[in-house]
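Asks: Supplied structure: input01.txt, compact mmCIF, N, CA and C atoms.
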# COMPACT_ATOMS: atom_id res chain seq x y z
N MET E 1 34.62 8.00 -2.59
CA MET E 1 33.30 7.49 -2.88
C MET E 1 33.42 6.04 -3.34
N ILE E 2 32.53 5.23 -2.88
CA ILE E 2 32.52 3.81 -3.24
C ILE E 2 31.60 3.62 -4.44
N LYS E 3 32.09 2.89 -5.40
CA LYS E 3 31.29 2.59 -6.58
C LYS E 3 31.02 1.09 -6.60
N ALA E 4 29.77 0.73 -6.78
CA ALA E 4 29.40 -0.68 -6.82
C ALA E 4 28.57 -0.94 -8.07
N GLU E 5 28.85 -2.03 -8.70
CA GLU E 5 28.07 -2.44 -9.86
C GLU E 5 27.27 -3.67 -9.47
N ILE E 6 25.99 -3.60 -9.72
CA ILE E 6 25.09 -4.68 -9.34
C ILE E 6 24.47 -5.24 -10.61
N ASP E 7 24.58 -6.53 -10.78
CA ASP E 7 24.04 -7.19 -11.97
C ASP E 7 22.61 -7.64 -11.70
N ILE E 8 21.68 -7.02 -12.39
CA ILE E 8 20.26 -7.39 -12.26
C ILE E 8 19.72 -7.92 -13.59
N THR E 9 20.63 -8.37 -14.43
CA THR E 9 20.24 -8.87 -15.75
C THR E 9 19.22 -10.00 -15.65
N GLU E 10 19.50 -10.95 -14.78
CA GLU E 10 18.61 -12.11 -14.64
C GLU E 10 17.21 -11.67 -14.19
N GLN E 11 17.15 -10.77 -13.24
CA GLN E 11 15.85 -10.31 -12.74
C GLN E 11 15.11 -9.49 -13.80
N MET E 12 15.85 -8.70 -14.57
CA MET E 12 15.21 -7.91 -15.63
C MET E 12 14.70 -8.83 -16.75
N GLN E 13 15.43 -9.88 -17.03
CA GLN E 13 14.95 -10.84 -18.03
C GLN E 13 13.68 -11.51 -17.54
N GLY E 14 13.67 -11.86 -16.25
CA GLY E 14 12.46 -12.45 -15.67
C GLY E 14 11.30 -11.47 -15.71
N PHE E 15 11.58 -10.21 -15.37
CA PHE E 15 10.52 -9.19 -15.42
C PHE E 15 9.96 -9.07 -16.83
N SER E 16 10.84 -9.01 -17.83
CA SER E 16 10.40 -8.89 -19.22
C SER E 16 9.57 -10.10 -19.65
N LYS E 17 10.02 -11.26 -19.23
CA LYS E 17 9.30 -12.50 -19.57
C LYS E 17 7.88 -12.45 -18.99
N PHE E 18 7.77 -12.07 -17.73
CA PHE E 18 6.46 -12.03 -17.09
C PHE E 18 5.62 -10.87 -17.60
N ALA E 19 6.26 -9.78 -18.00
CA ALA E 19 5.53 -8.66 -18.58
C ALA E 19 4.88 -9.08 -19.89
N LYS E 20 5.62 -9.84 -20.69
CA LYS E 20 5.06 -10.32 -21.97
C LYS E 20 3.92 -11.29 -21.74
N GLN E 21 3.97 -12.03 -20.63
CA GLN E 21 2.90 -12.97 -20.29
C GLN E 21 1.76 -12.29 -19.53
N ASN E 22 1.93 -11.00 -19.22
CA ASN E 22 0.97 -10.22 -18.44
C ASN E 22 0.73 -10.84 -17.06
N ASP E 23 1.80 -11.35 -16.47
CA ASP E 23 1.75 -12.01 -15.16
C ASP E 23 2.25 -11.02 -14.09
N VAL E 24 1.31 -10.28 -13.51
CA VAL E 24 1.65 -9.22 -12.57
C VAL E 24 2.33 -9.76 -11.32
N ASN E 25 1.82 -10.86 -10.79
CA ASN E 25 2.37 -11.40 -9.54
C ASN E 25 3.85 -11.76 -9.66
N HIS E 26 4.20 -12.48 -10.72
CA HIS E 26 5.59 -12.88 -10.88
C HIS E 26 6.48 -11.69 -11.27
N ALA E 27 5.92 -10.76 -12.02
CA ALA E 27 6.67 -9.55 -12.35
C ALA E 27 6.98 -8.76 -11.09
N MET E 28 6.03 -8.71 -10.17
CA MET E 28 6.25 -8.02 -8.89
C MET E 28 7.33 -8.74 -8.07
N ASP E 29 7.36 -10.06 -8.16
CA ASP E 29 8.42 -10.82 -7.47
C ASP E 29 9.80 -10.40 -7.99
N GLU E 30 9.91 -10.22 -9.28
CA GLU E 30 11.18 -9.79 -9.87
C GLU E 30 11.54 -8.38 -9.41
N ILE E 31 10.54 -7.53 -9.29
CA ILE E 31 10.78 -6.16 -8.80
C ILE E 31 11.31 -6.21 -7.37
N ILE E 32 10.74 -7.06 -6.56
CA ILE E 32 11.20 -7.20 -5.17
C ILE E 32 12.66 -7.66 -5.14
N LEU E 33 13.00 -8.60 -5.99
CA LEU E 33 14.39 -9.07 -6.05
C LEU E 33 15.33 -7.94 -6.48
N ILE E 34 14.90 -7.14 -7.45
CA ILE E 34 15.71 -6.01 -7.89
C ILE E 34 15.88 -5.00 -6.75
N CYS E 35 14.80 -4.74 -6.04
CA CYS E 35 14.86 -3.81 -4.91
C CYS E 35 15.84 -4.29 -3.85
N ARG E 36 15.82 -5.57 -3.55
CA ARG E 36 16.73 -6.13 -2.55
C ARG E 36 18.19 -6.00 -2.99
N LYS E 37 18.43 -6.29 -4.27
CA LYS E 37 19.81 -6.23 -4.77
C LYS E 37 20.32 -4.79 -4.84
N THR E 38 19.47 -3.88 -5.27
CA THR E 38 19.90 -2.50 -5.50
C THR E 38 19.70 -1.60 -4.29
N MET E 39 18.94 -2.09 -3.30
CA MET E 39 18.62 -1.29 -2.11
C MET E 39 17.83 -0.03 -2.49
N MET E 40 17.04 -0.12 -3.55
CA MET E 40 16.21 1.02 -3.99
C MET E 40 14.75 0.70 -3.71
N PRO E 41 13.94 1.73 -3.45
CA PRO E 41 12.51 1.49 -3.22
C PRO E 41 11.81 1.08 -4.52
N PRO E 42 10.70 0.36 -4.39
CA PRO E 42 9.99 -0.15 -5.58
C PRO E 42 9.60 0.94 -6.58
N ARG E 43 9.15 2.08 -6.08
CA ARG E 43 8.73 3.14 -7.01
C ARG E 43 9.90 3.63 -7.87
N THR E 44 11.07 3.73 -7.28
CA THR E 44 12.25 4.17 -8.03
C THR E 44 12.61 3.13 -9.09
N VAL E 45 12.60 1.86 -8.70
CA VAL E 45 12.90 0.78 -9.64
C VAL E 45 11.90 0.79 -10.79
N LEU E 46 10.62 0.89 -10.46
CA LEU E 46 9.58 0.88 -11.49
C LEU E 46 9.69 2.09 -12.42
N TYR E 47 10.01 3.24 -11.83
CA TYR E 47 10.17 4.44 -12.65
C TYR E 47 11.32 4.26 -13.64
N GLN E 48 12.44 3.72 -13.16
CA GLN E 48 13.59 3.52 -14.03
C GLN E 48 13.32 2.48 -15.11
N ILE E 49 12.60 1.43 -14.74
CA ILE E 49 12.24 0.41 -15.73
C ILE E 49 11.33 1.02 -16.79
N ALA E 50 10.32 1.77 -16.35
CA ALA E 50 9.38 2.39 -17.30
C ALA E 50 10.12 3.35 -18.23
N GLU E 51 11.02 4.13 -17.67
CA GLU E 51 11.78 5.09 -18.49
C GLU E 51 12.65 4.37 -19.52
N ALA E 52 13.36 3.35 -19.07
CA ALA E 52 14.24 2.60 -19.98
C ALA E 52 13.41 1.85 -21.03
N ALA E 53 12.31 1.28 -20.61
CA ALA E 53 11.45 0.54 -21.54
C ALA E 53 10.85 1.47 -22.58
N ASN E 54 10.48 2.66 -22.16
CA ASN E 54 9.92 3.64 -23.08
C ASN E 54 10.95 4.07 -24.12
N GLU E 55 12.18 4.29 -23.67
CA GLU E 55 13.25 4.70 -24.58
C GLU E 55 13.62 3.60 -25.57
N SER E 56 13.55 2.34 -25.12
CA SER E 56 13.93 1.22 -25.99
C SER E 56 12.72 0.56 -26.65
N ASN E 57 11.57 1.18 -26.52
CA ASN E 57 10.33 0.73 -27.17
C ASN E 57 9.93 -0.69 -26.76
N GLN E 58 10.11 -1.01 -25.48
CA GLN E 58 9.67 -2.30 -24.94
C GLN E 58 8.30 -2.08 -24.29
N ILE E 59 7.29 -2.19 -25.10
CA ILE E 59 5.94 -1.83 -24.69
C ILE E 59 5.44 -2.67 -23.51
N ALA E 60 5.67 -3.97 -23.56
CA ALA E 60 5.17 -4.85 -22.48
C ALA E 60 5.81 -4.49 -21.15
N ASP E 61 7.12 -4.23 -21.15
CA ASP E 61 7.81 -3.85 -19.91
C ASP E 61 7.27 -2.53 -19.38
N TYR E 62 7.09 -1.58 -20.27
CA TYR E 62 6.57 -0.27 -19.87
C TYR E 62 5.18 -0.40 -19.26
N GLN E 63 4.31 -1.13 -19.94
CA GLN E 63 2.94 -1.29 -19.46
C GLN E 63 2.90 -2.02 -18.12
N MET E 64 3.76 -3.02 -17.95
CA MET E 64 3.78 -3.77 -16.69
C MET E 64 4.29 -2.87 -15.56
N ALA E 65 5.33 -2.10 -15.82
CA ALA E 65 5.85 -1.19 -14.79
C ALA E 65 4.77 -0.19 -14.38
N CYS E 66 4.05 0.33 -15.34
CA CYS E 66 2.97 1.28 -15.04
C CYS E 66 1.83 0.61 -14.28
N LYS E 67 1.51 -0.62 -14.67
CA LYS E 67 0.44 -1.36 -13.99
C LYS E 67 0.80 -1.61 -12.52
N ILE E 68 2.04 -1.99 -12.27
CA ILE E 68 2.47 -2.24 -10.89
C ILE E 68 2.47 -0.94 -10.09
N GLN E 69 2.89 0.16 -10.72
CA GLN E 69 2.83 1.45 -10.03
C GLN E 69 1.40 1.81 -9.66
N GLU E 70 0.47 1.55 -10.55
CA GLU E 70 -0.95 1.81 -10.25
C GLU E 70 -1.43 0.95 -9.09
N LEU E 71 -1.02 -0.31 -9.06
CA LEU E 71 -1.39 -1.18 -7.95
C LEU E 71 -0.83 -0.67 -6.63
N LEU E 72 0.41 -0.18 -6.65
CA LEU E 72 1.00 0.39 -5.44
C LEU E 72 0.24 1.63 -4.99
N ASP E 73 -0.19 2.45 -5.95
CA ASP E 73 -0.97 3.64 -5.62
C ASP E 73 -2.31 3.26 -5.00
N GLU E 74 -2.96 2.24 -5.57
CA GLU E 74 -4.24 1.78 -5.03
C GLU E 74 -4.06 1.25 -3.61
N GLN E 75 -2.99 0.51 -3.40
CA GLN E 75 -2.72 -0.04 -2.08
C GLN E 75 -2.46 1.08 -1.07
N ARG E 76 -1.70 2.09 -1.48
CA ARG E 76 -1.42 3.22 -0.60
C ARG E 76 -2.71 3.96 -0.26
N ASN E 77 -3.59 4.15 -1.25
CA ASN E 77 -4.86 4.83 -1.00
C ASN E 77 -5.75 4.03 -0.06
N GLU E 78 -5.74 2.71 -0.21
CA GLU E 78 -6.54 1.84 0.67
C GLU E 78 -6.02 1.92 2.11
N ILE E 79 -4.72 1.91 2.27
CA ILE E 79 -4.14 2.02 3.61
C ILE E 79 -4.48 3.37 4.22
N LYS E 80 -4.41 4.42 3.40
CA LYS E 80 -4.74 5.76 3.89
C LYS E 80 -6.21 5.82 4.32
N ARG E 81 -7.09 5.23 3.52
CA ARG E 81 -8.51 5.23 3.85
C ARG E 81 -8.76 4.50 5.17
N LYS E 82 -8.09 3.35 5.34
CA LYS E 82 -8.25 2.59 6.58
C LYS E 82 -7.74 3.37 7.78
N SER E 83 -6.62 4.06 7.62
CA SER E 83 -6.09 4.82 8.75
C SER E 83 -7.01 5.98 9.10
N GLU E 84 -7.65 6.57 8.09
CA GLU E 84 -8.60 7.66 8.37
C GLU E 84 -9.81 7.13 9.12
N VAL E 85 -10.29 5.95 8.75
CA VAL E 85 -11.42 5.34 9.45
C VAL E 85 -11.04 5.09 10.91
N ILE E 86 -9.86 4.56 11.14
CA ILE E 86 -9.40 4.28 12.51
C ILE E 86 -9.26 5.58 13.30
N GLU E 87 -8.64 6.60 12.70
CA GLU E 87 -8.48 7.87 13.39
C GLU E 87 -9.82 8.48 13.77
N ASN E 88 -10.78 8.45 12.87
CA ASN E 88 -12.10 9.00 13.16
C ASN E 88 -12.81 8.22 14.26
N ALA E 89 -12.70 6.91 14.22
CA ALA E 89 -13.34 6.08 15.25
C ALA E 89 -12.70 6.32 16.61
N VAL E 90 -11.39 6.45 16.64
CA VAL E 90 -10.70 6.71 17.91
C VAL E 90 -11.12 8.07 18.47
N ALA E 91 -11.24 9.07 17.60
CA ALA E 91 -11.69 10.39 18.05
C ALA E 91 -13.09 10.30 18.64
N ASP E 92 -13.98 9.54 17.99
CA ASP E 92 -15.34 9.35 18.51
C ASP E 92 -15.32 8.63 19.86
N ILE E 93 -14.46 7.65 19.99
CA ILE E 93 -14.35 6.90 21.26
C ILE E 93 -13.89 7.84 22.38
N LYS E 94 -12.93 8.70 22.07
CA LYS E 94 -12.45 9.66 23.08
C LYS E 94 -13.58 10.57 23.55
N VAL E 95 -14.37 11.04 22.59
CA VAL E 95 -15.51 11.89 22.94
C VAL E 95 -16.48 11.12 23.82
N GLY E 96 -16.77 9.87 23.44
CA GLY E 96 -17.69 9.04 24.22
C GLY E 96 -17.19 8.80 25.63
N LEU E 97 -15.92 8.50 25.76
CA LEU E 97 -15.36 8.28 27.10
C LEU E 97 -15.37 9.56 27.93
N ASP E 98 -15.11 10.67 27.30
CA ASP E 98 -15.15 11.95 28.00
C ASP E 98 -16.58 12.24 28.49
N GLU E 99 -17.54 11.99 27.65
CA GLU E 99 -18.94 12.21 28.02
C GLU E 99 -19.36 11.29 29.16
N ILE E 100 -18.90 10.04 29.10
CA ILE E 100 -19.24 9.09 30.18
C ILE E 100 -18.66 9.58 31.51
N SER E 101 -17.44 10.09 31.46
CA SER E 101 -16.81 10.53 32.71
C SER E 101 -17.51 11.74 33.32
N HIS E 102 -18.22 12.52 32.50
CA HIS E 102 -18.92 13.71 33.01
C HIS E 102 -20.40 13.46 33.29
N SER E 103 -20.91 12.35 32.82
CA SER E 103 -22.35 12.10 32.96
C SER E 103 -22.62 11.19 34.15
N GLY E 104 -23.70 11.50 34.83
CA GLY E 104 -24.12 10.64 35.93
C GLY E 104 -25.38 9.88 35.56
N ASP E 105 -25.89 10.13 34.37
CA ASP E 105 -27.14 9.53 33.92
C ASP E 105 -26.86 8.15 33.32
N PRO E 106 -27.42 7.10 33.92
CA PRO E 106 -27.17 5.73 33.42
C PRO E 106 -27.59 5.53 31.96
N ILE E 107 -28.64 6.19 31.54
CA ILE E 107 -29.10 6.03 30.15
C ILE E 107 -28.07 6.62 29.19
N TRP E 108 -27.53 7.81 29.51
CA TRP E 108 -26.49 8.42 28.69
C TRP E 108 -25.25 7.53 28.65
N ILE E 109 -24.87 7.00 29.79
CA ILE E 109 -23.69 6.14 29.87
C ILE E 109 -23.90 4.91 28.99
N LYS E 110 -25.09 4.30 29.08
CA LYS E 110 -25.38 3.12 28.26
C LYS E 110 -25.32 3.47 26.77
N ASN E 111 -25.87 4.61 26.38
CA ASN E 111 -25.85 5.02 24.97
C ASN E 111 -24.43 5.25 24.46
N PHE E 112 -23.60 5.89 25.28
CA PHE E 112 -22.22 6.14 24.86
C PHE E 112 -21.42 4.83 24.80
N ILE E 113 -21.70 3.91 25.69
CA ILE E 113 -21.03 2.60 25.63
C ILE E 113 -21.40 1.87 24.35
N GLU E 114 -22.66 1.94 23.96
CA GLU E 114 -23.08 1.33 22.69
C GLU E 114 -22.40 2.01 21.50
N ALA E 115 -22.30 3.33 21.57
CA ALA E 115 -21.63 4.05 20.48
C ALA E 115 -20.16 3.66 20.41
N ILE E 116 -19.52 3.50 21.55
CA ILE E 116 -18.11 3.10 21.59
C ILE E 116 -17.95 1.69 21.01
N LYS E 117 -18.87 0.80 21.33
CA LYS E 117 -18.82 -0.56 20.77
C LYS E 117 -18.91 -0.52 19.24
N LEU E 118 -19.78 0.34 18.72
CA LEU E 118 -19.90 0.47 17.27
C LEU E 118 -18.61 1.01 16.65
N ASP E 119 -18.00 1.98 17.33
CA ASP E 119 -16.73 2.51 16.84
C ASP E 119 -15.64 1.44 16.84
N LEU E 120 -15.62 0.62 17.88
CA LEU E 120 -14.63 -0.48 17.93
C LEU E 120 -14.87 -1.50 16.83
N LYS E 121 -16.15 -1.77 16.53
CA LYS E 121 -16.46 -2.69 15.43
C LYS E 121 -16.00 -2.09 14.09
N GLU E 122 -16.14 -0.77 13.96
CA GLU E 122 -15.70 -0.11 12.74
C GLU E 122 -14.18 -0.24 12.57
N ILE E 123 -13.46 -0.07 13.67
CA ILE E 123 -12.01 -0.25 13.62
C ILE E 123 -11.66 -1.69 13.25
N GLU E 124 -12.36 -2.63 13.88
CA GLU E 124 -12.10 -4.04 13.62
C GLU E 124 -12.37 -4.41 12.16
N SER E 125 -13.37 -3.77 11.55
CA SER E 125 -13.74 -4.09 10.17
C SER E 125 -12.66 -3.71 9.16
N VAL E 126 -11.82 -2.71 9.48
CA VAL E 126 -10.79 -2.30 8.53
C VAL E 126 -9.45 -2.98 8.79
N LEU E 127 -9.34 -3.72 9.90
CA LEU E 127 -8.08 -4.40 10.19
C LEU E 127 -7.99 -5.73 9.49
With the file now loaded, output its structure as structure tokens.
Replies:
Amino acid sequence: MIKAEIDITEQMQGFSKFAKQNDVNHAMDEIILICRKTMMPPRTVLYQIAEAANESNQIADYQMACKIQELLDEQRNEIKRKSEVIENAVADIKVGLDEISHSGDPIWIKNFIEAIKLDLKEIESVL
């Protein structure tokens, strides 16, 4: 088994500094640097920071780690919501195209084309 020691002291000092300043953007930059050095995902890094900060009573670090985790959760939920909107619109478009292929009525075809255009606009709005 290979053992590697990675020094993230500088990045953790930067994270602590920005946590005390309540600077989320720069604290996130330090998390990204830690992730790159350690090859760990952000949630794992944040969890470990929060756990260590809680044990050593570093309130600012703990709160910042939790705040960044909440932001990641919000971002994940937003992406999920957007993908659901796209999936629903695509399903509607498929139904519209299927109906057009079976209909010979120009009015029905025109209505389904308009509905498809609205679905495409809905997809475009979330991109």
Asks: Skipping near chain neighbours, those fewer than 3 positions away, what residues fall within 7 Å of Leu46 of chain E using only N, CA and C atoms, listed as a list in words?
Replies: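 Listing them by chain and then by number gives Pro41, Pro42, Arg43, Ile49, Ala50, Glu51, Ala65, Cys66 and Gln69 of chain E.
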Asks: Please provide the set of residues having any atom within 12 Å of segment 4-10 of chain E, restricted to only C-alpha atoms, with same-chain residues fewer than 5 positions apart removed, written as a PyMOL selection string.
Replies: chain E and resi 15-17+30-40+45+49
Asks: Please provide as a list in words all residues within 8 Å of Asp119 of chain E, with the sequence filter that same-chain residues fewer than 6 positions apart are discarded (counting only N, CA and C atoms).
Replies: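 Selected residues are Asn88, Ala89, Val90, Asp92, Ile93, Ile113 and Ser125 of chain E.
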Asks: Find, counting only N, CA and C atoms, the residue in E:Gly14, E:Lys80, E:Ser103, E:Lys94 that gets nearest to Ile116 of chain E.
Replies: E:Lys94
Asks: Could you give me, as a PyMOL selection string, each residue of chain E that DSSP assigns to helix (DSSP H, G or I) when run on this structure's backbone?
Replies: chain E and resi 9-20+24-38+42-55+59-102+106-126
Asks: Please measure the separation of atom CA of Ala19 of chain E and atom CA of Gln48 of chain E, giving the value in Å to one decimal.
Replies: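 Spanning atom CA of Ala19 of chain E to atom CA of Gln48 of chain E is a straight-line distance of 15.3 Å.
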Asks: For Glu124 of chain E, work out the shell of residues within 12 Å, counting only C-alpha atoms and skipping chain neighbours fewer than 6 positions away, then give it as a ChimeraX atom specification.
Replies: /E:82-83,85-86,89-90,117-118
Asks: Produce a file of the selected residues containing N, CA and C atoms, as a PDB file, keeping the file's coordinate frame.
Replies:
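In the end it all went to part_32.pdb:
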ATOM      1  N   LYS E  82      -8.090   3.350   5.340  1.00  0.00           N
ATOM      2  CA  LYS E  82      -8.250   2.590   6.580  1.00  0.00           C
ATOM      3  C   LYS E  82      -7.740   3.370   7.780  1.00  0.00           C
ATOM      4  N   SER E  83      -6.620   4.060   7.620  1.00  0.00           N
ATOM      5  CA  SER E  83      -6.090   4.820   8.750  1.00  0.00           C
ATOM      6  C   SER E  83      -7.010   5.980   9.100  1.00  0.00           C
ATOM      7  N   VAL E  85     -10.290   5.950   8.750  1.00  0.00           N
ATOM      8  CA  VAL E  85     -11.420   5.340   9.450  1.00  0.00           C
ATOM      9  C   VAL E  85     -11.040   5.090  10.910  1.00  0.00           C
ATOM     10  N   ILE E  86      -9.860   4.560  11.140  1.00  0.00           N
ATOM     11  CA  ILE E  86      -9.400   4.280  12.510  1.00  0.00           C
ATOM     12  C   ILE E  86      -9.260   5.580  13.300  1.00  0.00           C
ATOM     13  N   ALA E  89     -12.700   6.910  14.220  1.00  0.00           N
ATOM     14  CA  ALA E  89     -13.340   6.080  15.250  1.00  0.00           C
ATOM     15  C   ALA E  89     -12.700   6.320  16.610  1.00  0.00           C
ATOM     16  N   VAL E  90     -11.390   6.450  16.640  1.00  0.00           N
ATOM     17  CA  VAL E  90     -10.700   6.710  17.910  1.00  0.00           C
ATOM     18  C   VAL E  90     -11.120   8.070  18.470  1.00  0.00           C
ATOM     19  N   LYS E 117     -18.870   0.800  21.330  1.00  0.00           N
ATOM     20  CA  LYS E 117     -18.820  -0.560  20.770  1.00  0.00           C
ATOM     21  C   LYS E 117     -18.910  -0.520  19.240  1.00  0.00           C
ATOM     22  N   LEU E 118     -19.780   0.340  18.720  1.00  0.00           N
ATOM     23  CA  LEU E 118     -19.900   0.470  17.270  1.00  0.00           C
ATOM     24  C   LEU E 118     -18.610   1.010  16.650  1.00  0.00           C
TER      25      LEU E 118
END
Asks: Would you compute the distance between atom N of Lys20 of chain E and atom N of Gln75 of chain E? Give it in Å to one decimal.
Replies: 21.9 Å
Asks: Could you tell me which of E:Asn25, E:Thr44, E:Ile79, E:Ile123 comes closest to Ala91 of chain E if we count only C-alpha atoms?
Replies: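 For Ala91 of chain E, the nearest of the given residues is E:Ile123.
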Asks: Tell me, in Å to one decimal, how far atom C of Lys67 of chain E is from atom C of Val24 of chain E.
Replies: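 Computing the Euclidean distance for atom C of Lys67 of chain E and atom C of Val24 of chain E yields 8.4 Å.
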Asks: Because some atoms of segment 97-114 of chain E are absent here, can you restore N, CA, C and O atoms and send them as an mmCIF file, in the coordinates of the input?
Replies:
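Saved to out-v8.cif:
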data_model
loop_
_atom_site.group_PDB
_atom_site.id
_atom_site.type_symbol
_atom_site.label_atom_id
_atom_site.label_comp_id
_atom_site.auth_asym_id
_atom_site.auth_seq_id
_atom_site.Cartn_x
_atom_site.Cartn_y
_atom_site.Cartn_z
ATOM 1 N N LEU E 97 -15.920 8.500 25.760
ATOM 2 C CA LEU E 97 -15.360 8.280 27.100
ATOM 3 C C LEU E 97 -15.370 9.560 27.930
ATOM 4 O O LEU E 97 -15.655 9.521 29.136
ATOM 5 N N ASP E 98 -15.110 10.670 27.300
ATOM 6 C CA ASP E 98 -15.150 11.950 28.000
ATOM 7 C C ASP E 98 -16.580 12.240 28.490
ATOM 8 O O ASP E 98 -16.779 12.685 29.623
ATOM 9 N N GLU E 99 -17.540 11.990 27.650
ATOM 10 C CA GLU E 99 -18.940 12.210 28.020
ATOM 11 C C GLU E 99 -19.360 11.290 29.160
ATOM 12 O O GLU E 99 -20.095 11.692 30.073
ATOM 13 N N ILE E 100 -18.900 10.040 29.100
ATOM 14 C CA ILE E 100 -19.240 9.090 30.180
ATOM 15 C C ILE E 100 -18.660 9.580 31.510
ATOM 16 O O ILE E 100 -19.332 9.509 32.544
ATOM 17 N N SER E 101 -17.440 10.090 31.460
ATOM 18 C CA SER E 101 -16.810 10.530 32.710
ATOM 19 C C SER E 101 -17.510 11.740 33.320
ATOM 20 O O SER E 101 -17.436 11.964 34.522
ATOM 21 N N HIS E 102 -18.220 12.520 32.500
ATOM 22 C CA HIS E 102 -18.920 13.710 33.010
ATOM 23 C C HIS E 102 -20.400 13.460 33.290
ATOM 24 O O HIS E 102 -21.052 14.299 33.914
ATOM 25 N N SER E 103 -20.910 12.350 32.820
ATOM 26 C CA SER E 103 -22.350 12.100 32.960
ATOM 27 C C SER E 103 -22.620 11.190 34.150
ATOM 28 O O SER E 103 -21.877 10.267 34.431
ATOM 29 N N GLY E 104 -23.700 11.500 34.830
ATOM 30 C CA GLY E 104 -24.120 10.640 35.930
ATOM 31 C C GLY E 104 -25.380 9.880 35.560
ATOM 32 O O GLY E 104 -25.876 9.057 36.328
ATOM 33 N N ASP E 105 -25.890 10.130 34.370
ATOM 34 C CA ASP E 105 -27.140 9.530 33.920
ATOM 35 C C ASP E 105 -26.860 8.150 33.320
ATOM 36 O O ASP E 105 -26.158 8.030 32.312
ATOM 37 N N PRO E 106 -27.420 7.100 33.920
ATOM 38 C CA PRO E 106 -27.170 5.730 33.420
ATOM 39 C C PRO E 106 -27.590 5.530 31.960
ATOM 40 O O PRO E 106 -26.953 4.756 31.237
ATOM 41 N N ILE E 107 -28.640 6.190 31.540
ATOM 42 C CA ILE E 107 -29.100 6.030 30.150
ATOM 43 C C ILE E 107 -28.070 6.620 29.190
ATOM 44 O O ILE E 107 -27.740 6.009 28.163
ATOM 45 N N TRP E 108 -27.530 7.810 29.510
ATOM 46 C CA TRP E 108 -26.490 8.420 28.690
ATOM 47 C C TRP E 108 -25.250 7.530 28.650
ATOM 48 O O TRP E 108 -24.647 7.333 27.597
ATOM 49 N N ILE E 109 -24.870 7.000 29.790
ATOM 50 C CA ILE E 109 -23.690 6.140 29.870
ATOM 51 C C ILE E 109 -23.900 4.910 28.990
ATOM 52 O O ILE E 109 -23.009 4.525 28.215
ATOM 53 N N LYS E 110 -25.090 4.300 29.080
ATOM 54 C CA LYS E 110 -25.380 3.120 28.260
ATOM 55 C C LYS E 110 -25.320 3.470 26.770
ATOM 56 O O LYS E 110 -24.744 2.711 25.979
ATOM 57 N N ASN E 111 -25.870 4.610 26.380
ATOM 58 C CA ASN E 111 -25.850 5.020 24.970
ATOM 59 C C ASN E 111 -24.430 5.250 24.460
ATOM 60 O O ASN E 111 -24.082 4.853 23.348
ATOM 61 N N PHE E 112 -23.600 5.890 25.280
ATOM 62 C CA PHE E 112 -22.220 6.140 24.860
ATOM 63 C C PHE E 112 -21.420 4.830 24.800
ATOM 64 O O PHE E 112 -20.573 4.665 23.929
ATOM 65 N N ILE E 113 -21.700 3.910 25.690
ATOM 66 C CA ILE E 113 -21.030 2.600 25.630
ATOM 67 C C ILE E 113 -21.400 1.870 24.350
ATOM 68 O O ILE E 113 -20.542 1.282 23.684
ATOM 69 N N GLU E 114 -22.660 1.940 23.960
ATOM 70 C CA GLU E 114 -23.080 1.330 22.690
ATOM 71 C C GLU E 114 -22.400 2.010 21.500
ATOM 72 O O GLU E 114 -21.973 1.328 20.567
#
